[in-house]
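To start, the structure itself, in structure tokens.
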There are 2 protein chains.
Amino acid sequence: MFEELTQFYDWFAARECANDYRVNVQSLDALDGWYTDPRTGNVHHRSGRFFSVIGVRVSTENRRPAAWSQPIILQPEIGILGIIAKRMGDSIYCLMQAKMEPGNVNLLQLSPTVQATRSNFTRVHRGSAVPYLDYFRSPHRGRPVFDSLQSEQGSWFLGKRNRNMIIEVAEDVPVLDDFCWLSVAQLAELIRVPNLVNMDARTVLSGIPFLTGDSDRAGAPLHSLGHILSWFTEVKSRNQLDRTVVPLAQLPEWERSGGVIHRPDGRHFSVIGVEVQASNREVRQWSQPMFRPAERGVIAFLGRHFAGTFHVLVHARTEAGTADVVEMSPTVACIPGNYAAAPEAERPRYLDLVLGASATQVLVDVVHSEEGGRFYHAENRYLVIDVGDSLPVDVPHDYCWMTIDQLTGFIRYGNHVNVGARCLLSCMTDLIPQEATS
Amino acid sequence: MFEELTQFYDWFAARECANDYRVNVQSLDALDGWYTDPRTGNVHHRSGRFFSVIGVRVSTENRRPAAWSQPIILQPEIGILGIIAKRMGDSIYCLMQAKMEPGNVNLLQLSPTVQATRSNFTRVHRGSAVPYLDYFRSPHRGRPVFDSLQSEQGSWFLGKRNRNMIIEVAEDVPVLDDFCWLSVAQLAELIRVPNLVNMDARTVLSGIPFLTGDSDRAGAPLHSLGHILSWFTEVKSRNQLDRTVVPLAQLPEWERSGGVIHRPDGRHFSVIGVEVQASNREVRQWSQPMFRPAERGVIAFLGRHFAGTFHVLVHARTEAGTADVVEMSPTVACIPGNYAAAPEAERPRYLDLVLGASATQVLVDVVHSEEGGRFYHAENRYLVIDVGDSLPVDVPHDYCWMTIDQLTGFIRYGNHVNVGARCLLSCMTDLIPQEATS
């Protein structure tokens, strides 16, 4: 445990020095262990495991444009993202890991205790065993505080889910190299540091209120639970999401050239290859495809107080890979550069309110990396903005005001809150009391 | 409103006399408006709407046998099952409809205020408008008390869901022919009458506790919410459900002959055709395929008290059409006749405890019809049995003890509780205080 965060930073720097990582961008044509199906253009691992890059054609009334095609990652396995938590003294501590992911701009970030795909933990790659995995396999060695299947980026994953877990233990837990205890209060501070707490950690940490008991605080929400659930059901019923898997080689507006799959107009993202060398991973060397966004994105909640209680404006959003039509999502989520030249009517709703916010309105403003195991240098600026009464009670039919507690409550049941909204909630934990309620 | 239920029975008998219904079994080869695709053997409506009968091949570790093929109904549209509720005096009343469904053994049963597929309410069939539909379209003309997407029979429907709604109104509601107000207490009594309250009404009525406020009562559950959610996540993560749509003509063990799709061994169910004439439906004459079970089934909860609170034993069950691997299901759900000659090891777990229960153990015992719009003479015996301490705390990994309130709570979020369990819960409403809490 660290008395002061400066001690943590020293430890983290030492972890960076103790291990050696190299990542090189490589042609998709030359990835060891991967092949491109000559008939479809889809990219697969030779084992048939891990993941594939395929094409998808989407149509839905809930987006503009209402139809498009794109590459997408197919990874049907359910992985585990798990944090071991323990009460020590007056505080709750989480066992975190300093973990290299090839897509991170700074390679090493803080991850959950366990972050493993099923291929990892069943050891398809014949690497070493995943430490601490036993705490998360049934029967659990502790109290399951938070345990649900959560979606990941619907814009790049086709229906992928991971099991998000927080297990509270009473027993002593050995602390291995690359692992450390951080208190919930320390994590609330570190999550405001750019590119330090990785996406997998952030999504699990969104369940911390179920551990601290802060998810059931009284408040004065604008809308009842019944109203919000009805709103969510209405949006799902009103819209359809038609999705067809198509060969990657046949996507209009996309082409493969120079070992990269990309759009000639440079928008959205490209699919590249990387070669990785790491001294402390289950496997020390591997190659893989990754998704690289065109530029940095914005993920933001607009919020305001109603009768003294802070609310955020939740969007029922459809992505190409969304499992059930829509999920509760941030007010705004996009790459602004995609719309630089777009006419007013085509700009994402509320984007200008986000970009034009004054410093006094900004409650959260931090750049984080997305899943560094699949996405290359994918950063988003996470923002929470208090717009005051410049936004009214009445909002378009696919938006709904909720308190932070209400939105957090839906996380528990899975299939409700998307990864962007969960990550934003985890950045707001210092708006919530941090001490253990025991 | 009826002071006494005898008045209701008089009214109901009068509705039977006021209308004229005829249902004849007909060859699948001769159904007006339907055709069989000569390539696949699948059965479709000529409009491309309503529903289709297709084949499916299933494999999952969560069932015995672990793989099978069967016909299944594909009906991707989300329909509305909605009840208008109103507080009058000290009671809450529901507006119910006397509705003919061709598959019901007695044709006329009590249904929700609105029971309409999307094809119905968008008037694909060019029939008359669906009465009271406006109350359930957004913006609602009342308070949405219960509004979620709920699965239907996973053994016969491929991922079908309907929107279950209870809307509480303050305004006066005109009562049309074939409609009547029944108090929640009267419905709790009527739901114990065989073949009277139809499946669509029963599933919506499982949400009545959200109206009466009886879903949040204090109790002493054996397991915390966190534990139960973790159990559910564990079963979903442990098992996979692999499902492939296959041509109906190519299902092993099934054949089409004499205008019927069936198994030569007579087990499970068959697909038949019917021709219907009704004087009071949106359309007065039509033909359609229907599923006919081999014989009457059993749907049962085993229950017992722990520390003075009644719990039911919930099964995480996989059906051919289950949307997300498993749903919270009754302890037992099967057609016993399918297993009459089966060796001990192949008999459904706990079936013998259900069939061997003594009269003093039986809390609920009533025969109900399943969805009479798709299933022909499909009856199940619904049972709740108090087994006392003959069942222990520890149960197999795919079962979990829950209180009635806990199980009811999951209904609210959709995608958790299957239709059999919801119908059993609706039969237990008289275990719950009936009066309005206002």
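Letters A, B, ... go to the chains of the structure tokens in the order shown; residues in each chain start at 1; ligands are counted from 1 in the same order.
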Using only C-alpha atoms, find each residue in chain B having at least one atom no more than 6 Å away from chain A; report its shortest atom-to-atom pair and that distance in Å (one decimal), rows by chain then rising number, as CSV.
```
residue,atom,partner,partner_atom,distance
B:Val145,CA,A:Gly226,CA,5.6
B:Asp147,CA,A:Ser230,CA,5.0
B:Ser148,CA,A:Thr233,CA,5.6
B:Gly226,CA,A:Val145,CA,5.6
B:Ser230,CA,A:Asp147,CA,5.0
B:Thr233,CA,A:Ser148,CA,5.6
```
Please save N, CA, C and O atoms of the selected residues as a PDB file, in the first residue's frame.
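Result file follows (out-v1.pdb):
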```
ATOM      1  N   VAL B 145     -46.265   1.949 -15.302  1.00  0.00           N
ATOM      2  CA  VAL B 145     -45.931   1.262 -14.054  1.00  0.00           C
ATOM      3  C   VAL B 145     -44.973   0.109 -14.341  1.00  0.00           C
ATOM      4  O   VAL B 145     -44.088  -0.218 -13.555  1.00  0.00           O
ATOM      5  N   ASP B 147     -43.115  -1.729 -17.909  1.00  0.00           N
ATOM      6  CA  ASP B 147     -42.942  -1.586 -19.352  1.00  0.00           C
ATOM      7  C   ASP B 147     -41.601  -2.214 -19.707  1.00  0.00           C
ATOM      8  O   ASP B 147     -40.558  -1.571 -19.576  1.00  0.00           O
ATOM      9  N   SER B 148     -41.628  -3.449 -20.116  1.00  0.00           N
ATOM     10  CA  SER B 148     -40.357  -4.087 -20.474  1.00  0.00           C
ATOM     11  C   SER B 148     -40.577  -5.142 -21.545  1.00  0.00           C
ATOM     12  O   SER B 148     -41.686  -5.632 -21.748  1.00  0.00           O
ATOM     13  N   GLY B 226     -26.597  -9.232  -5.002  1.00  0.00           N
ATOM     14  CA  GLY B 226     -25.273  -9.411  -5.617  1.00  0.00           C
ATOM     15  C   GLY B 226     -24.961 -10.880  -5.856  1.00  0.00           C
ATOM     16  O   GLY B 226     -24.426 -11.245  -6.904  1.00  0.00           O
ATOM     17  N   SER B 230     -24.634 -12.673  -9.553  1.00  0.00           N
ATOM     18  CA  SER B 230     -23.378 -13.359  -9.844  1.00  0.00           C
ATOM     19  C   SER B 230     -23.643 -14.800 -10.281  1.00  0.00           C
ATOM     20  O   SER B 230     -23.016 -15.303 -11.224  1.00  0.00           O
ATOM     21  N   THR B 233     -24.863 -14.623 -13.872  1.00  0.00           N
ATOM     22  CA  THR B 233     -23.745 -14.327 -14.772  1.00  0.00           C
ATOM     23  C   THR B 233     -22.854 -15.549 -14.938  1.00  0.00           C
ATOM     24  O   THR B 233     -22.392 -15.854 -16.042  1.00  0.00           O
TER      25      THR B 233
END
```
Closest pair table for segment 318-418 of chain A residues within 12 Å of segment 265-288 of chain A, only C-alpha atoms, as a Markdown table:
```
| residue | atom | partner | partner_atom | distance |
| --- | --- | --- | --- | --- |
| A:Cys334 | CA | A:His268 | CA | 9.4 |
| A:Ile335 | CA | A:His268 | CA | 7.5 |
| A:Pro336 | CA | A:His268 | CA | 10.1 |
| A:Gly337 | CA | A:Arg267 | CA | 8.1 |
| A:Asn338 | CA | A:Arg267 | CA | 5.9 |
| A:Tyr339 | CA | A:Arg267 | CA | 9.3 |
| A:Ala340 | CA | A:Arg267 | CA | 10.8 |
| A:Ala341 | CA | A:Arg267 | CA | 11.6 |
| A:Gly372 | CA | A:Val274 | CA | 11.9 |
| A:Gly373 | CA | A:Gln288 | CA | 9.3 |
| A:Arg374 | CA | A:Gln288 | CA | 8.5 |
| A:Phe375 | CA | A:Val271 | CA | 9.1 |
| A:Tyr376 | CA | A:Ile272 | CA | 8.5 |
| A:His377 | CA | A:Phe269 | CA | 11.1 |
| A:Ala378 | CA | A:Phe269 | CA | 9.7 |
```
Output all heavy atoms for every residue in the selection just made, as a short mmCIF file (atom, residue, chain, number, x, y, z; two decimals), in the first residue's frame.
```
data_model
loop_
_atom_site.label_atom_id
_atom_site.label_comp_id
_atom_site.auth_asym_id
_atom_site.auth_seq_id
_atom_site.Cartn_x
_atom_site.Cartn_y
_atom_site.Cartn_z
N CYS A 334 -18.25 10.81 -30.28
CA CYS A 334 -17.89 10.87 -31.71
C CYS A 334 -16.45 11.30 -31.85
O CYS A 334 -15.80 11.69 -30.89
CB CYS A 334 -18.80 11.84 -32.45
SG CYS A 334 -18.52 13.56 -32.01
N ILE A 335 -15.95 11.19 -33.08
CA ILE A 335 -14.68 11.80 -33.44
C ILE A 335 -15.03 13.12 -34.13
O ILE A 335 -15.53 13.11 -35.25
CB ILE A 335 -13.88 10.87 -34.38
CG1 ILE A 335 -13.50 9.59 -33.65
CG2 ILE A 335 -12.64 11.58 -34.90
CD1 ILE A 335 -12.73 8.58 -34.50
N PRO A 336 -14.80 14.25 -33.46
CA PRO A 336 -15.25 15.53 -34.03
C PRO A 336 -14.69 15.77 -35.43
O PRO A 336 -15.38 16.33 -36.29
CB PRO A 336 -14.72 16.57 -33.04
CG PRO A 336 -14.64 15.84 -31.74
CD PRO A 336 -14.24 14.44 -32.10
N GLY A 337 -13.46 15.31 -35.67
CA GLY A 337 -12.85 15.54 -36.97
C GLY A 337 -13.65 14.95 -38.13
O GLY A 337 -13.59 15.45 -39.25
N ASN A 338 -14.44 13.90 -37.86
CA ASN A 338 -15.26 13.32 -38.91
C ASN A 338 -16.32 14.29 -39.42
O ASN A 338 -16.89 14.08 -40.49
CB ASN A 338 -15.99 12.06 -38.40
CG ASN A 338 -15.07 10.86 -38.33
OD1 ASN A 338 -14.07 10.79 -39.05
ND2 ASN A 338 -15.38 9.93 -37.44
N TYR A 339 -16.61 15.32 -38.61
CA TYR A 339 -17.72 16.22 -38.95
C TYR A 339 -17.24 17.64 -39.19
O TYR A 339 -18.05 18.56 -39.26
CB TYR A 339 -18.76 16.19 -37.83
CG TYR A 339 -19.23 14.79 -37.55
CD1 TYR A 339 -18.65 14.02 -36.55
CD2 TYR A 339 -20.21 14.20 -38.36
CE1 TYR A 339 -19.04 12.72 -36.34
CE2 TYR A 339 -20.61 12.89 -38.15
CZ TYR A 339 -20.02 12.15 -37.13
OH TYR A 339 -20.40 10.86 -36.93
N ALA A 340 -15.91 17.82 -39.33
CA ALA A 340 -15.35 19.16 -39.45
C ALA A 340 -15.99 19.90 -40.62
O ALA A 340 -16.31 21.09 -40.52
CB ALA A 340 -13.84 19.08 -39.62
N ALA A 341 -16.20 19.18 -41.72
CA ALA A 341 -16.71 19.85 -42.91
C ALA A 341 -18.20 19.58 -43.11
O ALA A 341 -18.77 19.96 -44.13
CB ALA A 341 -15.93 19.35 -44.14
N GLY A 372 -6.46 -1.31 -25.03
CA GLY A 372 -5.17 -1.34 -25.72
C GLY A 372 -4.81 -2.69 -26.29
O GLY A 372 -3.76 -2.85 -26.91
N GLY A 373 -5.67 -3.68 -26.10
CA GLY A 373 -5.42 -4.99 -26.68
C GLY A 373 -5.98 -5.14 -28.08
O GLY A 373 -5.62 -6.07 -28.81
N ARG A 374 -6.89 -4.22 -28.47
CA ARG A 374 -7.50 -4.30 -29.79
C ARG A 374 -7.39 -3.00 -30.57
O ARG A 374 -7.48 -2.99 -31.78
CB ARG A 374 -9.00 -4.65 -29.67
CG ARG A 374 -9.31 -6.00 -29.07
CD ARG A 374 -8.92 -7.15 -29.96
NE ARG A 374 -9.08 -8.43 -29.29
CZ ARG A 374 -8.11 -9.02 -28.57
NH1 ARG A 374 -6.92 -8.46 -28.48
NH2 ARG A 374 -8.33 -10.17 -27.97
N PHE A 375 -7.22 -1.88 -29.83
CA PHE A 375 -7.26 -0.56 -30.47
C PHE A 375 -5.90 0.11 -30.33
O PHE A 375 -5.31 0.12 -29.24
CB PHE A 375 -8.35 0.31 -29.82
CG PHE A 375 -9.68 -0.37 -29.74
CD1 PHE A 375 -10.48 -0.24 -28.61
CD2 PHE A 375 -10.15 -1.17 -30.77
CE1 PHE A 375 -11.71 -0.88 -28.51
CE2 PHE A 375 -11.37 -1.82 -30.69
CZ PHE A 375 -12.16 -1.67 -29.56
N TYR A 376 -5.44 0.68 -31.43
CA TYR A 376 -4.10 1.26 -31.47
C TYR A 376 -4.18 2.77 -31.31
O TYR A 376 -4.81 3.46 -32.12
CB TYR A 376 -3.43 0.88 -32.79
CG TYR A 376 -1.98 1.30 -32.89
CD1 TYR A 376 -0.97 0.52 -32.31
CD2 TYR A 376 -1.61 2.47 -33.54
CE1 TYR A 376 0.36 0.89 -32.39
CE2 TYR A 376 -0.28 2.85 -33.63
CZ TYR A 376 0.70 2.05 -33.04
OH TYR A 376 2.01 2.43 -33.12
N HIS A 377 -3.56 3.26 -30.24
CA HIS A 377 -3.53 4.72 -29.98
C HIS A 377 -4.92 5.32 -30.06
O HIS A 377 -5.12 6.37 -30.67
CB HIS A 377 -2.56 5.42 -30.94
CG HIS A 377 -1.13 5.04 -30.70
ND1 HIS A 377 -0.06 5.71 -31.24
CD2 HIS A 377 -0.58 4.04 -29.95
CE1 HIS A 377 1.09 5.15 -30.84
NE2 HIS A 377 0.79 4.13 -30.07
N ALA A 378 -5.86 4.64 -29.47
CA ALA A 378 -7.26 5.11 -29.47
C ALA A 378 -7.51 5.87 -28.18
O ALA A 378 -7.60 5.29 -27.10
CB ALA A 378 -8.21 3.92 -29.58
#
```
Mind checking which residues fall within 8 Å of Pro221 of chain B, counting only C-alpha atoms, ignoring those fewer than 3 positions away in the same chain, and posting them as a JSON list (two decimals) with all heavy atoms, in the first residue's frame?
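The resulting file, selection.json, is reproduced below:
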```json
[["chain", "number", "residue", "atom", "x", "y", "z"],
["B", 224, "SER", "N", -28.18, -12.54, -1.24],
["B", 224, "SER", "CA", -28.24, -11.11, -1.58],
["B", 224, "SER", "C", -28.47, -10.96, -3.09],
["B", 224, "SER", "O", -28.24, -11.89, -3.87],
["B", 224, "SER", "CB", -26.93, -10.44, -1.21],
["B", 224, "SER", "OG", -25.89, -10.95, -2.02],
["B", 306, "PHE", "N", -37.11, -20.39, 4.30],
["B", 306, "PHE", "CA", -35.83, -20.24, 5.00],
["B", 306, "PHE", "C", -36.01, -19.08, 5.97],
["B", 306, "PHE", "O", -36.38, -17.98, 5.54],
["B", 306, "PHE", "CB", -34.69, -19.93, 4.02],
["B", 306, "PHE", "CG", -34.31, -21.09, 3.14],
["B", 306, "PHE", "CD1", -34.77, -21.13, 1.83],
["B", 306, "PHE", "CD2", -33.51, -22.11, 3.62],
["B", 306, "PHE", "CE1", -34.43, -22.20, 1.00],
["B", 306, "PHE", "CE2", -33.17, -23.19, 2.79],
["B", 306, "PHE", "CZ", -33.63, -23.23, 1.49],
["B", 309, "THR", "N", -39.17, -17.06, 5.56],
["B", 309, "THR", "CA", -39.52, -16.43, 4.28],
["B", 309, "THR", "C", -39.58, -17.50, 3.18],
["B", 309, "THR", "O", -38.64, -18.30, 3.05],
["B", 309, "THR", "CB", -38.48, -15.35, 3.90],
["B", 309, "THR", "OG1", -38.45, -14.38, 4.94],
["B", 309, "THR", "CG2", -38.85, -14.68, 2.59],
["B", 311, "HIS", "N", -39.22, -19.21, -0.26],
["B", 311, "HIS", "CA", -38.31, -19.13, -1.42],
["B", 311, "HIS", "C", -38.74, -20.13, -2.47],
["B", 311, "HIS", "O", -39.27, -21.20, -2.14],
["B", 311, "HIS", "CB", -36.87, -19.45, -1.01],
["B", 311, "HIS", "CG", -36.20, -18.40, -0.19],
["B", 311, "HIS", "ND1", -36.62, -18.06, 1.07],
["B", 311, "HIS", "CD2", -35.12, -17.61, -0.46],
["B", 311, "HIS", "CE1", -35.83, -17.09, 1.55],
["B", 311, "HIS", "NE2", -34.92, -16.80, 0.65],
["B", 402, "MET", "N", -34.58, -18.17, -4.44],
["B", 402, "MET", "CA", -34.91, -16.73, -4.40],
["B", 402, "MET", "C", -36.26, -16.55, -3.72],
["B", 402, "MET", "O", -37.14, -17.41, -3.82],
["B", 402, "MET", "CB", -35.07, -16.16, -5.82],
["B", 402, "MET", "CG", -33.83, -16.22, -6.66],
["B", 402, "MET", "SD", -34.15, -15.51, -8.30],
["B", 402, "MET", "CE", -32.88, -16.40, -9.22],
["B", 403, "THR", "N", -36.45, -15.38, -3.10],
["B", 403, "THR", "CA", -37.78, -15.05, -2.61],
["B", 403, "THR", "C", -38.65, -14.62, -3.81],
["B", 403, "THR", "O", -38.13, -14.29, -4.89],
["B", 403, "THR", "CB", -37.76, -13.90, -1.60],
["B", 403, "THR", "OG1", -37.38, -12.70, -2.27],
["B", 403, "THR", "CG2", -36.78, -14.18, -0.46]]
```
field: Filtered DSSP result for segment 214-381 of chain A, state alpha helix (DSSP H), as a ChimeraX atom specification
entry: /A:225-238,351-355
Residue selection dump (C-alpha atoms) as a short mmCIF file (atom, residue, chain, number, x, y, z; two decimals), in the first residue's frame:
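Saved file again09.cif follows:
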```cif
data_model
loop_
_atom_site.label_atom_id
_atom_site.label_comp_id
_atom_site.auth_asym_id
_atom_site.auth_seq_id
_atom_site.Cartn_x
_atom_site.Cartn_y
_atom_site.Cartn_z
CA LEU A 225 -37.38 4.05 -12.25
CA GLY A 226 -40.63 3.01 -13.94
CA HIS A 227 -40.48 6.04 -16.22
CA ILE A 228 -36.86 5.47 -17.22
CA LEU A 229 -37.39 1.77 -17.92
CA SER A 230 -40.42 2.66 -20.02
CA TRP A 231 -38.37 5.22 -21.97
CA PHE A 232 -35.69 2.58 -22.62
CA THR A 233 -38.28 0.01 -23.74
CA GLU A 234 -39.95 2.58 -25.98
CA VAL A 235 -36.71 3.41 -27.80
CA LYS A 236 -35.93 -0.29 -28.27
CA SER A 237 -39.42 -1.00 -29.58
CA ARG A 238 -39.57 2.02 -31.86
CA LEU A 351 -21.43 18.31 -29.88
CA ASP A 352 -21.14 22.08 -30.12
CA LEU A 353 -22.33 22.48 -26.53
CA VAL A 354 -19.54 20.13 -25.46
CA LEU A 355 -16.79 21.77 -27.51
#
```
query: If we count only C-alpha atoms, what is near segment 101-114 of chain B at a cut-off of 9 Å, once residues fewer than 3 positions away on the same chain are taken out, given as number ranges by chain?
result: B: 12, 15-16, 21-23, 80-84, 94-98, 130-133, 136, 179, 195-202, 204-205, 274-277, 290-292, 369-379
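Remark: for Arg349 of chain B, the closest of the candidate residues B:Arg39, B:Arg317, B:Arg57, B:His45 is B:Arg317 (distances computed over only C-alpha atoms).
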field: Asp242 of chain B surroundings by only C-alpha atoms, 10 Å radius, close-in-sequence under 5 positions cut, as a PyMOL selection string
entry: chain B and resi 57-61+67+320+325
